[in-house]
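Q: Take a look at data25.pdb, PDB, C-alpha atoms (C1' of nucleotides):
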```pdb
ATOM      1  CA  MET A 286     -15.710   4.435  16.639
ATOM      2  CA  PRO A 287     -12.526   2.907  17.826
ATOM      3  CA  GLU A 288      -9.732   5.393  18.367
ATOM      4  CA  LEU A 289      -6.383   4.682  19.994
ATOM      5  CA  PRO A 290      -7.694   3.835  23.490
ATOM      6  CA  GLU A 291     -10.318   1.467  22.128
ATOM      7  CA  VAL A 292      -7.791  -0.273  19.894
ATOM      8  CA  GLU A 293      -5.432  -0.545  22.864
ATOM      9  CA  GLY A 294      -8.210  -2.251  24.818
ATOM     10  CA  VAL A 295      -8.785  -4.731  22.013
ATOM     11  CA  VAL A 296      -5.079  -5.522  21.788
ATOM     12  CA  ARG A 297      -4.732  -6.015  25.545
ATOM     13  CA  ALA A 298      -7.597  -8.486  25.404
ATOM     14  CA  LEU A 299      -6.277 -10.268  22.317
ATOM     15  CA  VAL A 300      -2.778 -10.778  23.698
ATOM     16  CA  PRO A 301      -3.592 -13.435  26.309
ATOM     17  CA  ALA A 302      -6.319 -14.933  24.122
ATOM     18  CA  VAL A 303      -4.368 -15.598  20.948
ATOM     19  CA  GLU A 304      -0.620 -15.114  21.386
ATOM     20  CA  GLY A 305       1.254 -18.365  20.989
ATOM     21  CA  LYS A 306      -1.605 -20.074  19.187
ATOM     22  CA  THR A 307      -1.715 -21.387  15.645
ATOM     23  CA  ILE A 308      -4.378 -20.663  13.057
ATOM     24  CA  MET A 309      -5.698 -23.955  11.733
ATOM     25  CA  LYS A 310      -8.261 -22.622   9.283
ATOM     26  CA  VAL A 311      -9.695 -19.354   7.975
ATOM     27  CA  GLU A 312     -13.114 -18.759   6.489
ATOM     28  CA  LEU A 313     -14.033 -15.455   4.892
ATOM     29  CA  SER A 314     -17.586 -14.269   4.348
ATOM     30  CA  ASP A 315     -19.547 -14.619   1.114
ATOM     31  CA  THR A 316     -19.688 -10.830   1.062
ATOM     32  CA  ILE A 317     -15.906 -10.639   0.855
ATOM     33  CA  TYR A 318     -15.838 -13.152  -1.969
ATOM     34  CA  ALA A 319     -18.662 -11.425  -3.817
ATOM     35  CA  SER A 320     -16.988  -8.011  -3.578
ATOM     36  CA  PHE A 321     -13.773  -9.411  -4.966
ATOM     37  CA  GLY A 322     -15.711 -10.820  -7.877
ATOM     38  CA  LEU A 323     -16.998  -7.311  -8.562
ATOM     39  CA  GLY A 324     -13.483  -5.879  -8.615
ATOM     40  CA  LYS A 325     -13.700  -4.410  -5.112
ATOM     41  CA  GLN A 326     -11.722  -5.312  -2.014
ATOM     42  CA  CYS A 327     -14.148  -5.542   0.847
ATOM     43  CA  ILE A 328     -12.151  -5.763   4.118
ATOM     44  CA  VAL A 329      -9.467  -8.104   2.776
ATOM     45  CA  LYS A 330      -6.976  -5.966   0.883
ATOM     46  CA  ASN A 331      -4.460  -6.680  -1.854
ATOM     47  CA  ILE A 332      -4.923 -10.427  -1.896
ATOM     48  CA  GLU A 333      -7.501 -12.801  -3.298
ATOM     49  CA  PRO A 334      -9.796 -14.094  -0.580
ATOM     50  CA  ASN A 335      -9.036 -17.742  -1.271
ATOM     51  CA  LEU A 336      -5.311 -17.036  -1.252
ATOM     52  CA  PHE A 337      -5.692 -15.217   2.050
ATOM     53  CA  GLU A 338      -7.403 -18.228   3.574
ATOM     54  CA  GLU A 339      -4.682 -20.473   2.249
ATOM     55  CA  VAL A 340      -1.716 -18.383   3.334
ATOM     56  CA  MET A 341      -3.060 -17.764   6.844
ATOM     57  CA  GLN A 342      -3.549 -21.464   7.439
ATOM     58  CA  GLY A 343      -0.893 -22.813   9.787
ATOM     59  CA  MET A 344       0.290 -19.349  10.819
ATOM     60  CA  HIS A 345       1.582 -19.123  14.346
ATOM     61  CA  ILE A 346       0.552 -15.935  16.154
ATOM     62  CA  GLN A 347       3.676 -14.771  17.923
ATOM     63  CA  LYS A 348       2.647 -11.339  19.121
ATOM     64  CA  VAL A 349      -0.212  -8.872  18.909
ATOM     65  CA  THR A 350       0.671  -5.192  19.137
ATOM     66  CA  ARG A 351      -0.917  -1.815  18.495
ATOM     67  CA  ARG A 352       0.459   0.926  16.274
ATOM     68  CA  SER A 353      -1.729   4.032  16.197
ATOM     69  CA  LYS A 354      -5.216   2.666  15.456
ATOM     70  CA  TYR A 355      -3.856  -0.422  13.740
ATOM     71  CA  ILE A 356      -3.574  -3.905  15.215
ATOM     72  CA  TYR A 357      -0.488  -5.847  14.158
ATOM     73  CA  PHE A 358      -0.573  -9.619  14.351
ATOM     74  CA  HIS A 359       3.041 -10.781  14.123
ATOM     75  CA  ILE A 360       2.723 -14.193  12.528
ATOM     76  CA  GLU A 361       5.104 -16.882  11.397
ATOM     77  CA  LYS A 362       5.077 -20.054   9.325
ATOM     78  CA  ASN A 363       8.015 -22.259   8.331
ATOM     79  CA  GLN A 364      10.493 -19.894  10.011
ATOM     80  CA  GLU A 365       9.257 -17.010   7.878
ATOM     81  CA  SER A 366       7.618 -14.045   9.572
ATOM     82  CA  PHE A 367       4.781 -11.898   8.271
ATOM     83  CA  LEU A 368       2.512  -9.140   9.439
ATOM     84  CA  PHE A 369      -1.227  -9.369   9.476
ATOM     85  CA  VAL A 370      -2.536  -5.824   9.909
ATOM     86  CA  ASN A 371      -6.044  -4.892  10.955
ATOM     87  CA  HIS A 372      -7.768  -1.530  11.121
ATOM     88  CA  LEU A 373     -11.202  -1.591  12.765
ATOM     89  CA  GLY A 374     -12.565   1.234  10.629
ATOM     90  CA  MET A 375     -15.818   2.430  12.132
ATOM     91  CA  THR A 376     -17.369  -0.782  13.326
ATOM     92  CA  GLY A 377     -14.819  -3.570  13.346
ATOM     93  CA  ALA A 378     -14.697  -5.912  16.350
ATOM     94  CA  TRP A 379     -12.796  -9.038  17.397
ATOM     95  CA  PHE A 380     -14.211 -11.889  19.431
ATOM     96  CA  VAL A 381     -12.686 -15.085  20.767
ATOM     97  CA  VAL A 382     -15.484 -17.589  21.272
ATOM     98  CA  GLN A 383     -16.295 -21.281  21.235
ATOM     99  CA  THR A 384     -19.069 -20.882  18.675
ATOM    100  CA  LEU A 385     -20.450 -17.966  16.659
ATOM    101  CA  GLY A 386     -23.596 -18.158  18.759
ATOM    102  CA  ASP A 387     -21.550 -16.926  21.706
ATOM    103  CA  ILE A 388     -21.467 -13.480  20.087
ATOM    104  CA  THR A 389     -24.364 -12.040  22.011
ATOM    105  CA  GLU A 390     -25.241  -9.001  19.969
ATOM    106  CA  GLU A 391     -27.063  -9.777  16.775
ATOM    107  CA  LYS A 392     -25.641  -6.872  14.823
ATOM    108  CA  PHE A 393     -22.150  -8.264  15.294
ATOM    109  CA  ARG A 394     -23.242 -11.844  14.669
ATOM    110  CA  LYS A 395     -24.918 -10.730  11.450
ATOM    111  CA  HIS A 396     -21.756  -9.193  10.047
ATOM    112  CA  VAL A 397     -19.054 -11.758  10.691
ATOM    113  CA  HIS A 398     -16.477 -11.537   7.904
ATOM    114  CA  ALA A 399     -13.571 -13.691   9.012
ATOM    115  CA  VAL A 400     -13.424 -16.754  11.248
ATOM    116  CA  PHE A 401      -9.996 -18.029  12.279
ATOM    117  CA  THR A 402     -10.114 -21.454  13.895
ATOM    118  CA  LEU A 403      -7.321 -21.719  16.444
ATOM    119  CA  GLU A 404      -5.478 -24.885  17.462
ATOM    120  CA  THR A 405      -7.468 -24.887  20.691
ATOM    121  CA  GLY A 406     -10.724 -25.112  18.741
ATOM    122  CA  GLU A 407     -11.622 -21.558  19.720
ATOM    123  CA  LEU A 408     -12.775 -19.154  17.050
ATOM    124  CA  LEU A 409     -11.057 -15.821  16.545
ATOM    125  CA  VAL A 410     -13.787 -13.827  14.834
ATOM    126  CA  TYR A 411     -13.668 -10.542  12.966
ATOM    127  CA  SER A 412     -17.020  -8.794  12.642
ATOM    128  CA  ASP A 413     -17.582  -5.502  10.861
ATOM    129  CA  ILE A 414     -21.011  -3.946  10.434
ATOM    130  CA  ARG A 415     -20.121  -1.207   7.958
ATOM    131  CA  ARG A 416     -17.127  -2.947   6.432
ATOM    132  CA  PHE A 417     -14.829   0.050   6.728
ATOM    133  CA  GLY A 418     -12.229  -2.050   8.455
ATOM    134  CA  GLU A 419      -9.416  -3.858   6.747
ATOM    135  CA  LEU A 420      -7.420  -7.036   6.988
ATOM    136  CA  ARG A 421      -4.084  -6.840   5.245
ATOM    137  CA  PHE A 422      -1.524  -9.588   4.847
ATOM    138  CA  ILE A 423       1.998  -8.291   4.247
ATOM    139  CA  LYS A 424       5.582  -9.363   4.606
ATOM    140  CA  LYS A 425       6.683  -6.115   6.226
ATOM    141  CA  VAL A 426       5.334  -2.603   6.829
ATOM    142  CA  GLU A 427       7.201  -1.194   3.825
ATOM    143  CA  GLU A 428       4.689  -3.001   1.644
ATOM    144  CA  HIS A 429       1.974  -0.592   2.748
ATOM    145  CA  PRO A 430       3.424   2.944   2.667
ATOM    146  CA  PRO A 431       0.719   4.614   4.788
ATOM    147  CA  LEU A 432       1.984   2.579   7.735
ATOM    148  CA  LEU A 433       5.393   4.219   7.378
ATOM    149  CA  LEU A 434       3.938   7.715   7.347
ATOM    150  CA  MET A 435       2.220   7.476  10.713
ATOM    151  CA  ALA A 436       3.301   9.877  13.438
ATOM    152  CA  PRO A 437       5.103   8.403  16.464
ATOM    153  CA  GLU A 438       3.008   6.912  19.224
ATOM    154  CA  PRO A 439       1.687   9.798  21.349
ATOM    155  CA  PHE A 440       3.347   8.271  24.421
ATOM    156  CA  ASP A 441       6.710   8.202  22.663
ATOM    157  CA  SER A 442       9.154  10.798  24.013
ATOM    158  CA  VAL A 443       9.700  12.311  20.558
ATOM    159  CA  ALA A 444       5.977  12.674  19.772
ATOM    160  CA  CYS A 445       5.504  16.229  21.081
ATOM    161  CA  GLU A 446       8.538  17.551  19.226
ATOM    162  CA  PHE A 447       7.337  15.746  16.093
ATOM    163  CA  PHE A 448       3.960  17.460  16.465
ATOM    164  CA  LEU A 449       5.579  20.890  16.842
ATOM    165  CA  ASP A 450       7.770  20.315  13.795
ATOM    166  CA  LYS A 451       4.802  19.289  11.676
ATOM    167  CA  CYS A 452       2.805  22.328  12.809
ATOM    168  CA  ALA A 453       5.606  24.537  11.516
ATOM    169  CA  LEU A 454       5.331  23.155   7.981
ATOM    170  CA  PRO A 455       3.569  25.422   5.477
ATOM    171  CA  LYS A 456       0.923  22.821   4.698
ATOM    172  CA  TYR A 457      -0.234  22.731   8.323
ATOM    173  CA  GLN A 458       0.341  26.298   9.512
ATOM    174  CA  ASN A 459      -2.812  27.701   8.097
ATOM    175  CA  LYS A 460      -5.121  24.783   8.802
ATOM    176  CA  PRO A 461      -7.636  24.560  11.647
ATOM    177  CA  ILE A 462      -5.942  23.049  14.680
ATOM    178  CA  LYS A 463      -8.523  20.294  14.924
ATOM    179  CA  GLU A 464      -7.751  19.089  11.447
ATOM    180  CA  VAL A 465      -4.047  19.026  12.283
ATOM    181  CA  ILE A 466      -4.289  17.088  15.546
ATOM    182  CA  MET A 467      -6.583  14.556  13.890
ATOM    183  CA  ASP A 468      -4.107  13.970  11.067
ATOM    184  CA  GLY A 469      -2.436  10.627  11.671
ATOM    185  CA  GLN A 470       0.764  11.938  10.117
ATOM    186  CA  VAL A 471       0.950  14.609  12.842
ATOM    187  CA  ILE A 472      -0.368  12.811  15.931
ATOM    188  CA  SER A 473      -1.136   9.102  16.063
ATOM    189  CA  GLY A 474      -4.488   7.832  17.214
ATOM    190  CA  CYS A 475      -6.301  11.077  18.019
ATOM    191  CA  GLY A 476      -9.710  10.896  16.375
ATOM    192  CA  ASN A 477     -12.761  13.087  16.598
ATOM    193  CA  ILE A 478     -13.759  12.186  20.140
ATOM    194  CA  TYR A 479     -10.439  12.910  21.819
ATOM    195  CA  ALA A 480      -9.593  15.895  19.632
ATOM    196  CA  THR A 481     -12.930  17.433  20.636
ATOM    197  CA  GLU A 482     -12.284  16.736  24.319
ATOM    198  CA  ALA A 483      -8.712  18.030  24.340
ATOM    199  CA  LEU A 484      -9.649  21.271  22.586
ATOM    200  CA  PHE A 485     -12.458  21.834  25.054
ATOM    201  CA  LYS A 486     -10.165  21.175  27.983
ATOM    202  CA  MET A 487      -7.695  23.707  26.545
ATOM    203  CA  GLY A 488     -10.348  26.285  25.692
ATOM    204  CA  ILE A 489      -9.205  26.316  22.076
ATOM    205  CA  HIS A 490     -11.687  26.828  19.247
ATOM    206  CA  PRO A 491     -11.486  23.854  16.840
ATOM    207  CA  ALA A 492     -11.270  26.126  13.792
ATOM    208  CA  ARG A 493      -8.412  28.218  15.184
ATOM    209  CA  LYS A 494      -5.533  28.408  12.740
ATOM    210  CA  THR A 495      -2.606  26.316  13.875
ATOM    211  CA  ASN A 496      -0.096  29.166  13.609
ATOM    212  CA  ARG A 497      -2.307  31.312  15.857
ATOM    213  CA  ILE A 498      -1.530  29.114  18.831
ATOM    214  CA  SER A 499       1.686  29.731  20.746
ATOM    215  CA  LYS A 500       4.307  27.044  21.123
ATOM    216  CA  LYS A 501       3.602  26.898  24.836
ATOM    217  CA  ARG A 502      -0.097  26.311  24.233
ATOM    218  CA  LYS A 503       0.668  23.737  21.555
ATOM    219  CA  ILE A 504       2.754  21.802  24.045
ATOM    220  CA  GLU A 505      -0.043  22.022  26.599
ATOM    221  CA  LEU A 506      -2.534  20.866  23.985
ATOM    222  CA  PHE A 507      -0.350  17.895  23.142
ATOM    223  CA  GLU A 508      -0.135  17.038  26.841
ATOM    224  CA  ALA A 509      -3.926  17.321  27.105
ATOM    225  CA  ILE A 510      -4.345  14.861  24.222
ATOM    226  CA  ARG A 511      -1.861  12.449  25.730
ATOM    227  CA  THR A 512      -3.535  12.677  29.133
ATOM    228  CA  ILE A 513      -7.022  12.067  27.807
ATOM    229  CA  LEU A 514      -5.880   9.142  25.668
ATOM    230  CA  GLN A 515      -4.259   7.643  28.766
ATOM    231  CA  GLU A 516      -7.346   8.247  30.888
ATOM    232  CA  SER A 517      -9.519   6.601  28.245
ATOM    233  CA  ILE A 518      -7.243   3.569  28.042
ATOM    234  CA  GLU A 519      -7.621   3.176  31.801
ATOM    235  CA  MET A 520     -11.407   3.488  31.488
ATOM    236  CA  GLY A 521     -11.609   0.808  28.821
ATOM    237  CA  GLY A 522     -12.274   3.245  25.981
ATOM    238  CA  SER A 523     -15.454   4.990  24.877
ATOM    239  CA  THR A 524     -18.434   3.076  23.614
ATOM    240  CA  ILE A 525     -20.216   5.561  21.373
ATOM    241  CA  SER A 526     -22.022   3.263  19.010
ATOM    242  CA  ASP A 527     -20.508  -0.022  18.045
ATOM    243  CA  TYR A 528     -17.242  -0.334  19.906
ATOM    244  CA  ARG A 529     -17.011  -3.420  22.064
ATOM    245  CA  ASN A 530     -14.038  -5.008  23.712
ATOM    246  CA  ILE A 531     -13.214  -8.588  22.896
ATOM    247  CA  ASN A 532     -15.662  -9.868  25.503
ATOM    248  CA  GLY A 533     -18.465  -7.848  24.003
ATOM    249  CA  GLU A 534     -18.356  -5.306  26.823
ATOM    250  CA  ALA A 535     -18.743  -1.573  26.466
ATOM    251  CA  GLY A 536     -16.110   0.859  27.718
ATOM    252  CA  GLY A 537     -16.603   3.499  30.405
ATOM    253  CA  MET A 538     -15.004   6.622  28.966
ATOM    254  CA  GLN A 539     -18.138   7.841  27.204
ATOM    255  CA  ASN A 540     -19.493   8.796  30.635
ATOM    256  CA  ARG A 541     -16.561  11.117  31.214
ATOM    257  CA  LEU A 542     -16.685  12.977  27.938
ATOM    258  CA  LYS A 543     -17.407  16.664  28.436
ATOM    259  CA  MET A 544     -17.969  18.010  24.948
ATOM    260  CA  TYR A 545     -18.193  15.271  22.301
ATOM    261  CA  GLY A 546     -21.870  14.803  21.464
ATOM    262  CA  LYS A 547     -23.002  17.333  24.086
ATOM    263  CA  LYS A 548     -25.829  19.805  23.635
ATOM    264  CA  PHE A 549     -24.749  22.076  26.483
ATOM    265  CA  CYS A 550     -21.376  23.079  27.851
ATOM    266  CA  PRO A 551     -20.785  21.376  31.221
ATOM    267  CA  GLN A 552     -18.864  24.454  32.407
ATOM    268  CA  CYS A 553     -21.184  27.323  31.529
ATOM    269  CA  ASN A 554     -24.329  25.588  30.283
ATOM    270  CA  THR A 555     -24.231  27.528  27.009
ATOM    271  CA  ALA A 556     -25.663  25.634  24.038
ATOM    272  CA  THR A 557     -22.806  24.022  22.139
ATOM    273  CA  LYS A 558     -22.220  24.655  18.470
ATOM    274  CA  ALA A 559     -21.128  22.314  15.727
ATOM    275  CA  LEU A 560     -19.298  22.993  12.531
ATOM    276  CA  SER A 561     -17.637  20.864   9.937
ATOM    277  CA  ILE A 562     -13.838  20.902  10.003
ATOM    278  CA  GLY A 563     -11.955  18.712   7.626
ATOM    279  CA  GLY A 564     -15.238  17.004   6.834
ATOM    280  CA  ARG A 565     -15.927  16.021  10.433
ATOM    281  CA  THR A 566     -18.466  17.321  12.849
ATOM    282  CA  SER A 567     -16.769  19.432  15.466
ATOM    283  CA  VAL A 568     -18.653  20.299  18.620
ATOM    284  CA  TYR A 569     -17.445  23.177  20.798
ATOM    285  CA  CYS A 570     -18.584  25.734  23.333
ATOM    286  CA  PRO A 571     -18.748  29.197  21.736
ATOM    287  CA  LYS A 572     -18.195  30.824  25.125
ATOM    288  CA  CYS A 573     -15.367  28.689  26.526
ATOM    289  CA  GLN A 574     -13.357  28.009  23.366
ATOM    290  CA  HIS A 575     -11.505  30.722  21.442
TER     291      HIS A 575
ATOM    292  C1'  DC B 219       6.737  16.770  -7.735
ATOM    293  C1'  DG B 220       4.095  17.978  -3.994
ATOM    294  C1'  DC B 221       0.055  19.379  -2.225
ATOM    295  C1'  DT B 222      -5.123  19.720  -2.157
ATOM    296  C1'  DG B 223      -9.636  18.269  -2.907
ATOM    297  C1'  DT B 224     -12.819  14.732  -3.742
ATOM    298  C1'  DG B 225     -14.800  10.206  -4.186
ATOM    299  C1'  DA B 226     -15.359   5.622  -2.558
ATOM    300  C1'  DC B 227     -16.436   2.399   0.699
ATOM    301  C1'  DC B 228     -21.151   0.933   3.980
ATOM    302  C1'  DG B 229     -25.446   0.166   6.875
ATOM    303  C1'  DG B 230     -27.596   1.990  11.126
ATOM    304  C1'  DG B 231     -30.310   5.467  12.517
ATOM    305  C1'  DC B 232     -32.900   9.371  12.069
ATOM    306  C1'  DG B 233     -35.924  12.881   9.969
ATOM    307  C1'  DC B 234     -39.685  13.667   7.246
TER     308       DC B 234
ATOM    309  C1'  DT C 186     -44.330   2.452   7.441
ATOM    310  C1'  DG C 187     -41.077   3.655   4.167
ATOM    311  C1'  DC C 188     -37.804   6.158   1.916
ATOM    312  C1'  DG C 189     -33.757   8.918   1.432
ATOM    313  C1'  DC C 190     -29.982  10.962   3.356
ATOM    314  C1'  DC C 191     -26.246  11.681   6.604
ATOM    315  C1'  DC C 192     -22.240  10.101   9.042
ATOM    316  C1'  DG C 193     -17.257   8.885   9.275
ATOM    317  C1'  DG C 194     -11.415   6.754   9.048
ATOM    318  C1'  DT C 195      -8.566   6.229   5.601
ATOM    319  C1'  DC C 196      -6.719   5.879   1.172
ATOM    320  C1'  DA C 197      -6.567   6.283  -3.886
ATOM    321  C1'  DC C 198      -6.573   9.167  -7.392
ATOM    322  C1'  DA C 199      -7.546  13.218 -10.071
ATOM    323  C1'  DG C 200      -6.356  17.908 -10.775
TER     324       DG C 200
END
```
Output the structure of this file as structure tokens.
A:
Amino acid sequence: MPELPEVEGVVRALVPAVEGKTIMKVELSDTIYASFGLGKQCIVKNIEPNLFEEVMQGMHIQKVTRRSKYIYFHIEKNQESFLFVNHLGMTGAWFVVQTLGDITEEKFRKHVHAVFTLETGELLVYSDIRRFGELRFIKKVEEHPPLLLMAPEPFDSVACEFFLDKCALPKYQNKPIKEVIMDGQVISGCGNIYATEALFKMGIHPARKTNRISKKRKIELFEAIRTILQESIEMGGSTISDYRNINGEAGGMQNRLKMYGKKFCPQCNTATKALSIGGRTSVYCPKCQH
DNA sequence: CGCTGTGACCGGGCGC
DNA sequence: TGCGCCCGGTCACAG
């Protein structure tokens, strides 16, 4: 499951591999075409697959950046600039290879959905096992309102204050803190893994009502989230199931996780508990987290 | 109008 | 072996 640190790793790998190159050709999977025929929009959103292939042809990739868990390809053709936005969903992955056979893992090779042939002859490949990811071609972010509603980047100087302000709103006050910190409109890029870790580090029960945490502790919690996101970026992200970096390598952060997916608390050895908060499994230590 | 709750999208993996 | 169900990030849409 790619969260912010994993997406950051993908972007850092994509930058030197594709920036400055031109897309000569795009081929989308039969699955994408078939879904469109059935009135669905598998992976490619808000545009007909054949039109997507056509419009992406000849696009020059100027920059690749990350915004929350989204990857922005800043592209340009005939002096006109566009945005090609990707979310990896649960199982999306990018590869830059000479041939599709260079993708070593079969499960990724089996689920290739978009192949961009670059001017160098290399293939920029998007693979997505569960197809929860999305590829979106837009002129500017305003075209897709959810992108405008995202909280500031957690490393942005205003992010903590933004978080505190959101917590004070009636709609968030009475919610479990874990649900609030995982809300992309409150904090950007903090998914289940890092929310679980930060709450454990802080000794806060995931179901604790947001307004039952002092401002001081909220600030400390925000700092804990920011710190763990930073640590994970430096470790190359967490490889829990299907996340791979662009070279097909796993990250190293999963070995440092203390609570996510654990059966016993690493501090007191008590059996962990799990409950569902906001529809997501939330693991915690009943003795260390209150 | 704003907020809340729910469904939809998927296939790997696991339990029975 | 085989089947059915669970999981999850995000958004659309219903209520």
Q: Running the PyMOL selection byres ((chain A) within 9 of (chain B)) on this model by hand, what would come out? Give it as a ChimeraX atom specification.
A: /A:327,414-417,456
Q: Which residues of chain C are close to chain A, meaning at most 10 Å apart when you count all atoms listed in the file, and how do they look as a list in words?
A: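 Every residue meeting the condition is included here: DC192, DG193, DG194, DT195 and DC196 of chain C.
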Q: Determine the residue set returned by the PyMOL selection byres ((chain A and resi 362) around 12) for the present structure, and present it as number ranges by chain.
A: A: 306-309, 340-347, 359-361, 363-368, 424
Q: With C-alpha atoms retained, could you export that selection as a CSV table (one decimal), in the frame of the given file?
A:
```
chain,number,residue,atom,x,y,z
A,306,LYS,CA,-1.6,-20.1,19.2
A,307,THR,CA,-1.7,-21.4,15.6
A,308,ILE,CA,-4.4,-20.7,13.1
A,309,MET,CA,-5.7,-24.0,11.7
A,340,VAL,CA,-1.7,-18.4,3.3
A,341,MET,CA,-3.1,-17.8,6.8
A,342,GLN,CA,-3.5,-21.5,7.4
A,343,GLY,CA,-0.9,-22.8,9.8
A,344,MET,CA,0.3,-19.3,10.8
A,345,HIS,CA,1.6,-19.1,14.3
A,346,ILE,CA,0.6,-15.9,16.2
A,347,GLN,CA,3.7,-14.8,17.9
A,359,HIS,CA,3.0,-10.8,14.1
A,360,ILE,CA,2.7,-14.2,12.5
A,361,GLU,CA,5.1,-16.9,11.4
A,363,ASN,CA,8.0,-22.3,8.3
A,364,GLN,CA,10.5,-19.9,10.0
A,365,GLU,CA,9.3,-17.0,7.9
A,366,SER,CA,7.6,-14.0,9.6
A,367,PHE,CA,4.8,-11.9,8.3
A,368,LEU,CA,2.5,-9.1,9.4
A,424,LYS,CA,5.6,-9.4,4.6
```
Q: Fewer than 3 positions away in the same chain doesn't count, so skip those; otherwise give me all residues within 10 Å of range 378-394 of chain A, counting all atoms listed in the file, as a VMD selection string.
A: (chain A and resid 287 292 295 to 296 298 to 299 302 to 303 372 to 375 397 to 403 405 to 414 418 527 to 533) or (chain B and resid 230)
Q: Of the candidates A:Leu484, A:Glu293, A:Asn335, A:Glu508, which one gets nearest to Lys310 in chain A if we count all atoms listed in the file?
A: A:Asn335
Q: Please report the interatomic distance between CA of Lys486 in chain A and CA of Ala509 in chain A in Å with one decimal.
A: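 About the pair CA of Lys486 in chain A and CA of Ala509 in chain A: they are 7.4 Å apart.
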Q: Show me, as JSON, the centre and edge lengths in Å to one decimal of the axis-aligned box that covers every listed atom of chain B with 5 Å on each side.
A:
```
{"center_x": -16.5, "center_y": 9.9, "center_z": 2.4, "size_x": 56.4, "size_y": 29.6, "size_z": 30.3}
```
Q: Determine, counting all atoms listed in the file, which protein, DNA and RNA residues have an atom within 9 Å of an atom of range 549-559 of chain A; residues of the same chain fewer than 3 positions away are not included. Present the result as a list in words.
A: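 Final neighbour list, sorted by chain and number: Lys543, Met544, Thr566, Ser567, Val568, Tyr569, Cys570, Pro571, Lys572 and Cys573 of chain A.
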Q: Report, in Å with one decimal, the straight-line distance from CA of Gly521 in chain A to CA of Gly294 in chain A.
A: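 Interatomic distance here is 6.1 Å.
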Q: I'd like to see the residues matched by the PyMOL selection byres ((chain A and resi 332) around 10) on this file, and ideally I'd get them as a PDB file with C-alpha atoms, in the frame of the given file.
A:
```pdb
ATOM      1  CA  PHE A 321     -13.773  -9.411  -4.966  1.00  0.00           C
ATOM      2  CA  GLN A 326     -11.722  -5.312  -2.014  1.00  0.00           C
ATOM      3  CA  VAL A 329      -9.467  -8.104   2.776  1.00  0.00           C
ATOM      4  CA  LYS A 330      -6.976  -5.966   0.883  1.00  0.00           C
ATOM      5  CA  ASN A 331      -4.460  -6.680  -1.854  1.00  0.00           C
ATOM      6  CA  GLU A 333      -7.501 -12.801  -3.298  1.00  0.00           C
ATOM      7  CA  PRO A 334      -9.796 -14.094  -0.580  1.00  0.00           C
ATOM      8  CA  ASN A 335      -9.036 -17.742  -1.271  1.00  0.00           C
ATOM      9  CA  LEU A 336      -5.311 -17.036  -1.252  1.00  0.00           C
ATOM     10  CA  PHE A 337      -5.692 -15.217   2.050  1.00  0.00           C
ATOM     11  CA  GLU A 338      -7.403 -18.228   3.574  1.00  0.00           C
ATOM     12  CA  LEU A 420      -7.420  -7.036   6.988  1.00  0.00           C
ATOM     13  CA  ARG A 421      -4.084  -6.840   5.245  1.00  0.00           C
ATOM     14  CA  PHE A 422      -1.524  -9.588   4.847  1.00  0.00           C
ATOM     15  CA  ILE A 423       1.998  -8.291   4.247  1.00  0.00           C
TER      16      ILE A 423
END
```
Q: Please compute the CA of Gly488 in chain A-CA of Met435 in chain A distance, one decimal, in Å.
A: 27.1 Å
Q: When you look at range 442-444 of chain A with a cut-off of 12 Å (counting all atoms listed in the file), what residues show up, excluding the ones that are within fewer than 4 positions of it in the same chain? I need them as an MDAnalysis selection string.
A: chainID A and resid 435:438 448:451 466 469:474 504 507:508 510:511
